[in-house]
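Raw contents of my_file09.pdb, PDB, C-alpha atoms and all ligand atoms:
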```
ATOM      1  CA  MET S  22       0.000   0.000   0.000
ATOM      2  CA  ILE S  23       1.269   3.523  -0.796
ATOM      3  CA  ARG S  24       1.310   5.858   2.220
ATOM      4  CA  LEU S  25       0.095   9.375   1.493
ATOM      5  CA  THR S  26       3.425  10.973   2.528
ATOM      6  CA  ASN S  27       5.238   8.827  -0.029
ATOM      7  CA  LEU S  28       2.896   9.776  -2.837
ATOM      8  CA  PRO S  29       5.090  12.524  -4.434
ATOM      9  CA  VAL S  30       8.074  10.157  -4.485
ATOM     10  CA  PHE S  31       5.936   7.401  -5.974
ATOM     11  CA  ILE S  32       4.575   9.721  -8.680
ATOM     12  CA  LEU S  33       8.086  10.911  -9.541
ATOM     13  CA  PHE S  34       9.297   7.318  -9.749
ATOM     14  CA  ALA S  35       6.362   6.303 -11.953
ATOM     15  CA  LEU S  36       6.876   9.263 -14.295
ATOM     16  CA  THR S  37      10.618   8.600 -14.599
ATOM     17  CA  ALA S  38      10.009   4.917 -15.300
ATOM     18  CA  THR S  39       7.413   5.831 -17.934
ATOM     19  CA  TYR S  40       9.808   8.288 -19.570
ATOM     20  CA  ILE S  41      12.636   5.732 -19.731
ATOM     21  CA  ALA S  42      10.298   3.038 -21.079
ATOM     22  CA  ARG S  43       8.999   5.444 -23.725
ATOM     23  CA  ALA S  44      12.513   6.330 -24.883
ATOM     24  CA  GLN S  45      13.541   2.677 -25.054
ATOM     25  CA  ASN S  46      10.387   1.577 -26.820
ATOM     26  CA  CYS S  47      10.110   4.498 -29.214
ATOM     27  CA  SER S  48       9.494   2.843 -32.572
ATOM     28  CA  TYR S  49      10.864   5.869 -34.479
ATOM     29  CA  GLU S  50      14.165   5.748 -32.628
ATOM     30  CA  ALA S  51      14.394   1.942 -32.782
ATOM     31  CA  ALA S  52      13.807   2.033 -36.559
ATOM     32  CA  MET S  53      16.508   4.675 -37.023
ATOM     33  CA  ARG S  54      19.045   2.712 -34.986
ATOM     34  CA  LYS S  55      18.181  -0.400 -37.013
ATOM     35  CA  GLN S  56      18.846   1.547 -40.232
ATOM     36  CA  GLY S  57      22.293   2.455 -38.924
ATOM     37  CA  LEU S  58      21.619   6.059 -37.927
ATOM     38  CA  VAL S  59      23.590   7.443 -34.988
ATOM     39  CA  GLU S  60      22.329   9.434 -31.984
ATOM     40  CA  VAL S  61      24.044  12.825 -32.211
ATOM     41  CA  SER S  62      24.594  13.869 -28.572
ATOM     42  CA  GLN S  63      26.366  10.567 -27.823
ATOM     43  CA  ALA S  64      28.504  10.624 -30.970
ATOM     44  CA  ALA S  65      29.324  14.353 -30.972
ATOM     45  CA  PRO S  66      29.364  15.527 -27.330
ATOM     46  CA  GLY S  67      30.110  19.214 -28.115
ATOM     47  CA  VAL S  68      26.923  19.493 -30.165
ATOM     48  CA  LYS S  69      23.662  20.338 -28.333
ATOM     49  CA  VAL S  70      20.264  19.034 -29.398
ATOM     50  CA  GLU S  71      16.853  20.571 -28.737
ATOM     51  CA  LEU S  72      14.325  19.071 -31.164
ATOM     52  CA  LYS S  73      11.739  21.795 -31.763
ATOM     53  CA  TYR S  74       9.126  19.392 -33.155
ATOM     54  CA  ALA S  75       9.304  17.494 -29.846
ATOM     55  CA  THR S  76       8.082  20.680 -28.116
ATOM     56  CA  GLN S  77       5.272  23.168 -28.712
ATOM     57  CA  ASP S  78       7.795  25.823 -29.777
ATOM     58  CA  ASN S  79       7.350  25.341 -33.534
ATOM     59  CA  PHE S  80       5.152  26.673 -36.325
ATOM     60  CA  MET S  81       2.454  24.083 -35.556
ATOM     61  CA  LYS S  82       2.462  25.017 -31.841
ATOM     62  CA  ARG S  83       2.287  21.330 -30.974
ATOM     63  CA  ASP S  84       4.555  18.380 -30.249
ATOM     64  CA  VAL S  85       4.469  16.166 -33.335
ATOM     65  CA  TYR S  86       7.476  13.984 -32.412
ATOM     66  CA  GLY S  87       6.008  12.291 -29.312
ATOM     67  CA  CYS S  88       8.482   9.643 -28.202
ATOM     68  CA  LEU S  89      11.112  10.813 -30.705
ATOM     69  CA  GLN S  90      13.294  12.812 -28.309
ATOM     70  CA  HIS S  91      16.817  12.437 -29.740
ATOM     71  CA  GLY S  92      18.573  13.733 -32.814
ATOM     72  CA  TYR S  93      19.647  10.986 -35.226
ATOM     73  CA  LEU S  94      21.759  11.311 -38.394
ATOM     74  CA  GLN S  95      23.607   9.021 -40.784
ATOM     75  CA  LYS S  96      27.078   8.153 -39.498
ATOM     76  CA  GLU S  97      28.846  10.011 -42.350
ATOM     77  CA  VAL S  98      26.770  13.104 -41.544
ATOM     78  CA  VAL S  99      27.695  12.925 -37.849
ATOM     79  CA  ASP S 100      31.368  12.731 -38.857
ATOM     80  CA  MET S 101      30.907  15.917 -40.885
ATOM     81  CA  LEU S 102      29.075  17.528 -37.958
ATOM     82  CA  LYS S 103      32.000  16.808 -35.637
ATOM     83  CA  LYS S 104      34.249  18.679 -38.098
ATOM     84  CA  ALA S 105      31.807  21.600 -38.131
ATOM     85  CA  GLN S 106      31.799  21.764 -34.306
ATOM     86  CA  LYS S 107      35.630  21.734 -34.313
ATOM     87  CA  SER S 108      35.719  24.522 -36.860
ATOM     88  CA  LEU S 109      33.239  26.555 -34.782
ATOM     89  CA  GLU S 110      35.287  26.072 -31.602
ATOM     90  CA  ALA S 111      38.481  27.152 -33.401
ATOM     91  CA  ASN S 112      36.752  30.404 -34.363
ATOM     92  CA  LYS S 113      34.618  30.854 -31.221
ATOM     93  CA  PRO S 114      35.938  28.861 -28.216
ATOM     94  CA  GLY S 115      33.116  27.639 -25.959
ATOM     95  CA  TYR S 116      30.413  27.927 -28.619
ATOM     96  CA  HIS S 117      28.169  25.009 -29.597
ATOM     97  CA  LEU S 118      26.178  23.948 -32.605
ATOM     98  CA  LEU S 119      22.575  23.648 -31.420
ATOM     99  CA  ILE S 120      20.420  21.254 -33.450
ATOM    100  CA  TYR S 121      16.698  21.970 -33.861
ATOM    101  CA  ASP S 122      15.920  19.085 -36.221
ATOM    102  CA  ALA S 123      17.824  16.129 -37.675
ATOM    103  CA  ALA S 124      16.440  12.880 -39.157
ATOM    104  CA  ARG S 125      12.690  13.290 -39.632
ATOM    105  CA  PRO S 126      10.342  10.326 -40.212
ATOM    106  CA  LEU S 127       8.373  10.500 -43.463
ATOM    107  CA  SER S 128       5.081  10.168 -41.534
ATOM    108  CA  ILE S 129       5.933  13.451 -39.727
ATOM    109  CA  GLN S 130       6.891  15.066 -43.048
ATOM    110  CA  TRP S 131       3.236  14.558 -44.049
ATOM    111  CA  ILE S 132       2.042  16.338 -40.872
ATOM    112  CA  LEU S 133       4.310  19.342 -41.601
ATOM    113  CA  TRP S 134       3.161  19.440 -45.234
ATOM    114  CA  ASN S 135      -0.524  19.166 -44.340
ATOM    115  CA  THR S 136      -0.254  21.867 -41.651
ATOM    116  CA  LEU S 137       1.346  24.557 -43.820
ATOM    117  CA  THR S 138      -1.772  24.898 -45.964
ATOM    118  CA  GLN S 139      -1.735  28.712 -45.980
ATOM    119  CA  TYR S 140       0.785  28.417 -48.840
ATOM    120  CA  PRO S 141      -0.041  26.823 -52.213
ATOM    121  CA  PRO S 142       2.115  23.719 -52.948
ATOM    122  CA  ASN S 143       4.540  25.566 -55.278
ATOM    123  CA  ILE S 144       5.423  28.077 -52.470
ATOM    124  CA  ARG S 145       5.094  25.525 -49.665
ATOM    125  CA  LYS S 146       7.875  23.477 -51.309
ATOM    126  CA  ASN S 147      10.369  26.257 -50.487
ATOM    127  CA  TYR S 148       9.738  25.748 -46.762
ATOM    128  CA  VAL S 149       8.780  22.080 -46.374
ATOM    129  CA  ALA S 150       9.689  19.416 -48.927
ATOM    130  CA  ASP S 151       6.779  17.621 -50.595
ATOM    131  CA  PRO S 152       6.528  14.231 -48.806
ATOM    132  CA  ARG S 153       5.935  12.525 -52.170
ATOM    133  CA  GLU S 154       9.420  13.670 -53.239
ATOM    134  CA  HIS S 155      10.936  13.193 -49.743
ATOM    135  CA  SER S 156      12.938  15.702 -47.713
ATOM    136  CA  ILE S 157      16.685  15.228 -47.263
ATOM    137  CA  HIS S 158      15.757  15.175 -43.540
ATOM    138  CA  ASN S 159      13.901  11.901 -44.288
ATOM    139  CA  TYR S 160      17.273  10.376 -45.233
ATOM    140  CA  GLY S 161      19.019  11.589 -42.042
ATOM    141  CA  SER S 162      21.222  13.811 -44.209
ATOM    142  CA  ALA S 163      19.934  17.339 -43.457
ATOM    143  CA  ILE S 164      20.171  19.369 -40.252
ATOM    144  CA  ASP S 165      18.329  22.430 -38.930
ATOM    145  CA  LEU S 166      20.526  24.205 -36.426
ATOM    146  CA  THR S 167      21.834  27.397 -34.908
ATOM    147  CA  VAL S 168      24.805  28.432 -32.753
ATOM    148  CA  ALA S 169      24.711  28.777 -28.941
ATOM    149  CA  ASP S 170      27.237  30.863 -27.005
ATOM    150  CA  GLU S 171      29.317  29.626 -24.038
ATOM    151  CA  LYS S 172      26.286  30.087 -21.754
ATOM    152  CA  GLY S 173      24.122  27.946 -24.035
ATOM    153  CA  LYS S 174      22.114  30.905 -25.338
ATOM    154  CA  ALA S 175      21.166  30.787 -29.027
ATOM    155  CA  LEU S 176      22.638  33.681 -31.040
ATOM    156  CA  ASP S 177      20.433  36.306 -32.673
ATOM    157  CA  MET S 178      19.994  35.204 -36.289
ATOM    158  CA  GLY S 179      17.469  37.865 -37.267
ATOM    159  CA  THR S 180      14.487  35.471 -37.226
ATOM    160  CA  THR S 181      13.351  32.500 -35.205
ATOM    161  CA  PHE S 182      13.652  28.928 -36.526
ATOM    162  CA  ASP S 183      10.886  28.133 -39.049
ATOM    163  CA  PHE S 184      10.209  31.780 -39.860
ATOM    164  CA  PHE S 185       8.697  31.415 -43.315
ATOM    165  CA  GLY S 186       9.552  34.612 -45.166
ATOM    166  CA  GLU S 187      12.264  36.607 -46.905
ATOM    167  CA  LEU S 188      13.930  37.742 -43.671
ATOM    168  CA  ALA S 189      15.140  34.142 -43.256
ATOM    169  CA  TYR S 190      16.428  33.810 -46.856
ATOM    170  CA  PRO S 191      20.251  33.619 -47.138
ATOM    171  CA  SER S 192      19.790  34.577 -50.800
ATOM    172  CA  LYS S 193      18.291  37.958 -49.747
ATOM    173  CA  GLU S 194      20.787  38.899 -47.039
ATOM    174  CA  GLN S 195      22.648  41.619 -48.960
ATOM    175  CA  GLU S 196      19.386  43.313 -49.871
ATOM    176  CA  LEU S 197      18.020  42.949 -46.302
ATOM    177  CA  LEU S 198      21.239  44.444 -44.887
ATOM    178  CA  ALA S 199      21.086  47.395 -47.297
ATOM    179  CA  ASN S 200      17.442  48.059 -46.291
ATOM    180  CA  ASN S 201      18.256  47.729 -42.550
ATOM    181  CA  LYS S 202      15.808  44.838 -42.220
ATOM    182  CA  LEU S 203      18.546  42.435 -41.112
ATOM    183  CA  SER S 204      21.032  43.715 -38.503
ATOM    184  CA  LYS S 205      24.770  43.453 -39.154
ATOM    185  CA  LYS S 206      25.106  41.466 -35.915
ATOM    186  CA  ALA S 207      22.510  38.872 -36.995
ATOM    187  CA  TYR S 208      24.159  38.612 -40.405
ATOM    188  CA  GLU S 209      27.576  38.045 -38.784
ATOM    189  CA  ASN S 210      26.061  35.399 -36.498
ATOM    190  CA  ARG S 211      24.654  33.604 -39.553
ATOM    191  CA  LEU S 212      28.148  33.663 -41.069
ATOM    192  CA  ILE S 213      29.599  32.050 -37.911
ATOM    193  CA  LEU S 214      27.161  29.163 -38.421
ATOM    194  CA  ARG S 215      27.497  29.013 -42.209
ATOM    195  CA  ASN S 216      31.303  29.135 -42.225
ATOM    196  CA  ALA S 217      31.561  26.302 -39.682
ATOM    197  CA  MET S 218      29.103  24.157 -41.656
ATOM    198  CA  LYS S 219      30.673  24.891 -45.050
ATOM    199  CA  ALA S 220      34.154  24.103 -43.685
ATOM    200  CA  ALA S 221      32.825  20.585 -42.966
ATOM    201  CA  GLY S 222      31.271  20.179 -46.423
ATOM    202  CA  PHE S 223      27.629  21.035 -45.646
ATOM    203  CA  MET S 224      25.626  22.968 -48.218
ATOM    204  CA  PRO S 225      23.389  25.923 -47.262
ATOM    205  CA  ILE S 226      20.086  26.541 -49.070
ATOM    206  CA  GLU S 227      18.383  29.616 -50.467
ATOM    207  CA  TYR S 228      15.365  29.957 -48.153
ATOM    208  CA  GLU S 229      16.373  29.040 -44.593
ATOM    209  CA  TRP S 230      19.464  30.202 -42.674
ATOM    210  CA  TRP S 231      19.125  27.185 -40.304
ATOM    211  CA  HIS S 232      18.999  24.368 -42.896
ATOM    212  CA  PHE S 233      22.073  22.529 -44.238
ATOM    213  CA  ASN S 234      22.374  19.459 -46.456
ATOM    214  CA  ALA S 235      25.195  16.944 -46.208
ATOM    215  CA  PHE S 236      24.308  15.620 -49.681
ATOM    216  CA  SER S 237      22.018  16.522 -52.553
ATOM    217  CA  ARG S 238      18.627  14.784 -52.524
ATOM    218  CA  ALA S 239      19.735  12.498 -55.404
ATOM    219  CA  GLU S 240      22.904  11.513 -53.546
ATOM    220  CA  ALA S 241      21.013  10.935 -50.258
ATOM    221  CA  LYS S 242      18.510   8.738 -52.168
ATOM    222  CA  ARG S 243      21.350   6.783 -53.738
ATOM    223  CA  ARG S 244      23.063   6.156 -50.391
ATOM    224  CA  TYR S 245      20.235   5.659 -47.888
ATOM    225  CA  GLN S 246      16.692   4.460 -47.183
ATOM    226  CA  VAL S 247      13.953   6.828 -46.045
ATOM    227  CA  VAL S 248      13.233   6.877 -42.311
ATOM    228  CA  GLN S 249       9.559   5.980 -41.913
TER     229      GLN S 249
HETATM  230 ZN    ZN J 301      15.471  21.645 -42.546
END
```
Would it be possible to restate this file's structure as structure tokens?
Amino acid sequence: MIRLTNLPVFILFALTATYIARAQNCSYEAAMRKQGLVEVSQAAPGVKVELKYATQDNFMKRDVYGCLQHGYLQKEVVDMLKKAQKSLEANKPGYHLLIYDAARPLSIQWILWNTLTQYPPNIRKNYVADPREHSIHNYGSAIDLTVADEKGKALDMGTTFDFFGELAYPSKEQELLANNKLSKKAYENRLILRNAMKAAGFMPIEYEWWHFNAFSRAEAKRRYQVVQ
């Protein structure tokens, strides 16, 4: 029998046990491990992970990842990421890459696609890949990330993660700087991130300062299976 005074301890124990069981039994994570993907925080200790789709702090304002709580990537991509972290530390000692999204199951890609209905498909494609064509995230070969300072605070990049608009476009930065819409500081912070990622072989894209590909979609398709 549980005594009333022990109730808080019992509840805490039950919640912890549930959390551990959930993490161990998470079918998403088990499937990724089975496909050979690697958990990032274990493989690259300097890199921080805070999956935004596992929280309510995202454009959908809801947790769509459920039991998926860890960042997974293909092993070759993690090796590149380690190089990027090293390059960042050489430039900014004490700074960390901070991952917002890594491998993304295709089933979740559909949720993202079906939520962003305020944009017609031809515009929506710039922000979220069409699930029928697959996202490079679905192959564990793309990363959404920012840079955190030595205190763990994310740098000012001019917009939040998943800001869908020109202010987030790397391709518009010169124009945004000239019109004082993007601050010089935010632009320089984006360069800190971009230079570290490019030094490791990652490729930036036109529409999102936070997104980097390890491989083209064709190359990712050639090398890997989609994460379901
Ligand atoms: Zn992305």
Residues of chain S at most 10 Å from ligand ZN 301 (chain J): nearest atom pair and distance in Å, all atoms listed in the file, as CSV:
```
residue,atom,partner,partner_atom,distance
S:Tyr121,CA,J:ZN301,ZN,8.8
S:Asp122,CA,J:ZN301,ZN,6.8
S:Ala123,CA,J:ZN301,ZN,7.7
S:Ala124,CA,J:ZN301,ZN,9.4
S:Arg125,CA,J:ZN301,ZN,9.3
S:Tyr148,CA,J:ZN301,ZN,8.2
S:Val149,CA,J:ZN301,ZN,7.7
S:Ala150,CA,J:ZN301,ZN,8.9
S:Ser156,CA,J:ZN301,ZN,8.3
S:Ile157,CA,J:ZN301,ZN,8.1
S:His158,CA,J:ZN301,ZN,6.6
S:Ser162,CA,J:ZN301,ZN,9.9
S:Ala163,CA,J:ZN301,ZN,6.3
S:Ile164,CA,J:ZN301,ZN,5.7
S:Asp165,CA,J:ZN301,ZN,4.7
S:Leu166,CA,J:ZN301,ZN,8.3
S:Phe182,CA,J:ZN301,ZN,9.6
S:Asp183,CA,J:ZN301,ZN,8.7
S:Ile226,CA,J:ZN301,ZN,9.4
S:Glu229,CA,J:ZN301,ZN,7.7
S:Trp230,CA,J:ZN301,ZN,9.4
S:Trp231,CA,J:ZN301,ZN,7.0
S:His232,CA,J:ZN301,ZN,4.5
S:Phe233,CA,J:ZN301,ZN,6.9
S:Asn234,CA,J:ZN301,ZN,8.2
```
Could you give me, as a Markdown table, a per-residue list for segment 82-165 of chain S showing, wherever an atom lies at most 6 Å from an atom of segment 240-249 of chain S, the closest pair of atoms and their distance in Å to one decimal, using all atoms listed in the file and sorting by chain then residue number from low to high?
```
| residue | atom | partner | partner_atom | distance |
| --- | --- | --- | --- | --- |
| S:Pro126 | CA | S:Gln249 | CA | 4.7 |
| S:Leu127 | CA | S:Gln249 | CA | 4.9 |
| S:Asn159 | CA | S:Val247 | CA | 5.4 |
| S:Tyr160 | CA | S:Val247 | CA | 4.9 |
```
Please report the interatomic distance between atom CA of Glu71 of chain S and atom CA of Pro225 of chain S in Å with one decimal.
20.4 Å
Pick from S:Ala239, S:Ala220, S:Ile120, S:Ala207 nearest to Lys104 of chain S, counting only C-alpha atoms
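The answer is S:Ala220, which sits nearest to Lys104 of chain S.
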Using the chain letters and numbering of this document, enumerate as a list in words the residues selected by the PyMOL selection byres (((chain S and resi 54) around 12) and not hetatm).
Gln45, Asn46, Cys47, Ser48, Tyr49, Glu50, Ala51, Ala52, Met53, Lys55, Gln56, Gly57, Leu58, Val59, Glu60, Val61, His91, Gly92, Tyr93, Leu94, Gln95, Lys96, Ala124, Gly161 and Val248 of chain S
With the PyMOL selection byres (((chain S and resi 174) around 12) and not hetatm) as the selection, what would be picked from this file? Answer as a list in words, please.
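With the shown file as input, the PyMOL selection byres (((chain S and resi 174) around 12) and not hetatm) matches Lys69, Gly115, Tyr116, His117, Leu118, Leu119, Thr167, Val168, Ala169, Asp170, Glu171, Lys172, Gly173, Ala175, Leu176, Asp177 and Met178 of chain S.
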I'd like to see the residues matched by the PyMOL selection byres (((chain S and resi 74) around 10) and not hetatm) on this file, and ideally I'd get them as a list in words.
Glu71, Leu72, Lys73, Ala75, Thr76, Gln77, Asp78, Asn79, Phe80, Met81, Lys82, Arg83, Asp84, Val85, Tyr86, Gly87, Leu89, Gln90, Tyr121, Asp122, Arg125, Ile129 and Leu133 of chain S
With distances taken over only C-alpha atoms, which of S:Leu109, S:Glu97, S:Ser128, S:Val70 is nearest to Ile213 of chain S?
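Nearest candidate to Ile213 of chain S out of S:Leu109, S:Glu97, S:Ser128, S:Val70: S:Leu109.
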What's around Lys193 of chain S at 12 Å? Count only C-alpha atoms, leave out sequence neighbours fewer than 3 positions away in its own chain, and write the answer as a list in words.
Gly186, Glu187, Leu188, Ala189, Tyr190, Glu196, Leu197, Leu198, Ala199, Asn200, Lys202, Leu203, Tyr208, Ile226, Glu227, Tyr228, Glu229 and Trp230 of chain S
Atom CA of Phe223 of chain S to atom CA of Asn112 of chain S, distance in Å rounded to a single decimal
17.3 Å
Pick the closest to Val98 of chain S from S:Glu209, S:Trp134, S:Glu110, S:Ala65: which is it, counting all atoms listed in the file?
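Comparing S:Glu209, S:Trp134, S:Glu110, S:Ala65 against Val98 of chain S, the winner is S:Ala65.
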Proximity to Leu214 of chain S - best of S:Lys146, S:Lys113, S:Arg153, S:Arg238, only C-alpha atoms:
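Comparing S:Lys146, S:Lys113, S:Arg153, S:Arg238 against Leu214 of chain S, the winner is S:Lys113.
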Hey, can you check how far atom CA of Lys219 of chain S sits from atom CA of Ala105 of chain S?
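Distance between the two atoms: 7.7 Å.
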Please determine, counting only C-alpha atoms, which residue among S:Met224, S:Thr181, S:Cys88, S:Pro191 has the shortest atom-to-atom distance to Leu212 of chain S.
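Of S:Met224, S:Thr181, S:Cys88, S:Pro191, the one nearest Leu212 of chain S is S:Pro191, counting only C-alpha atoms.
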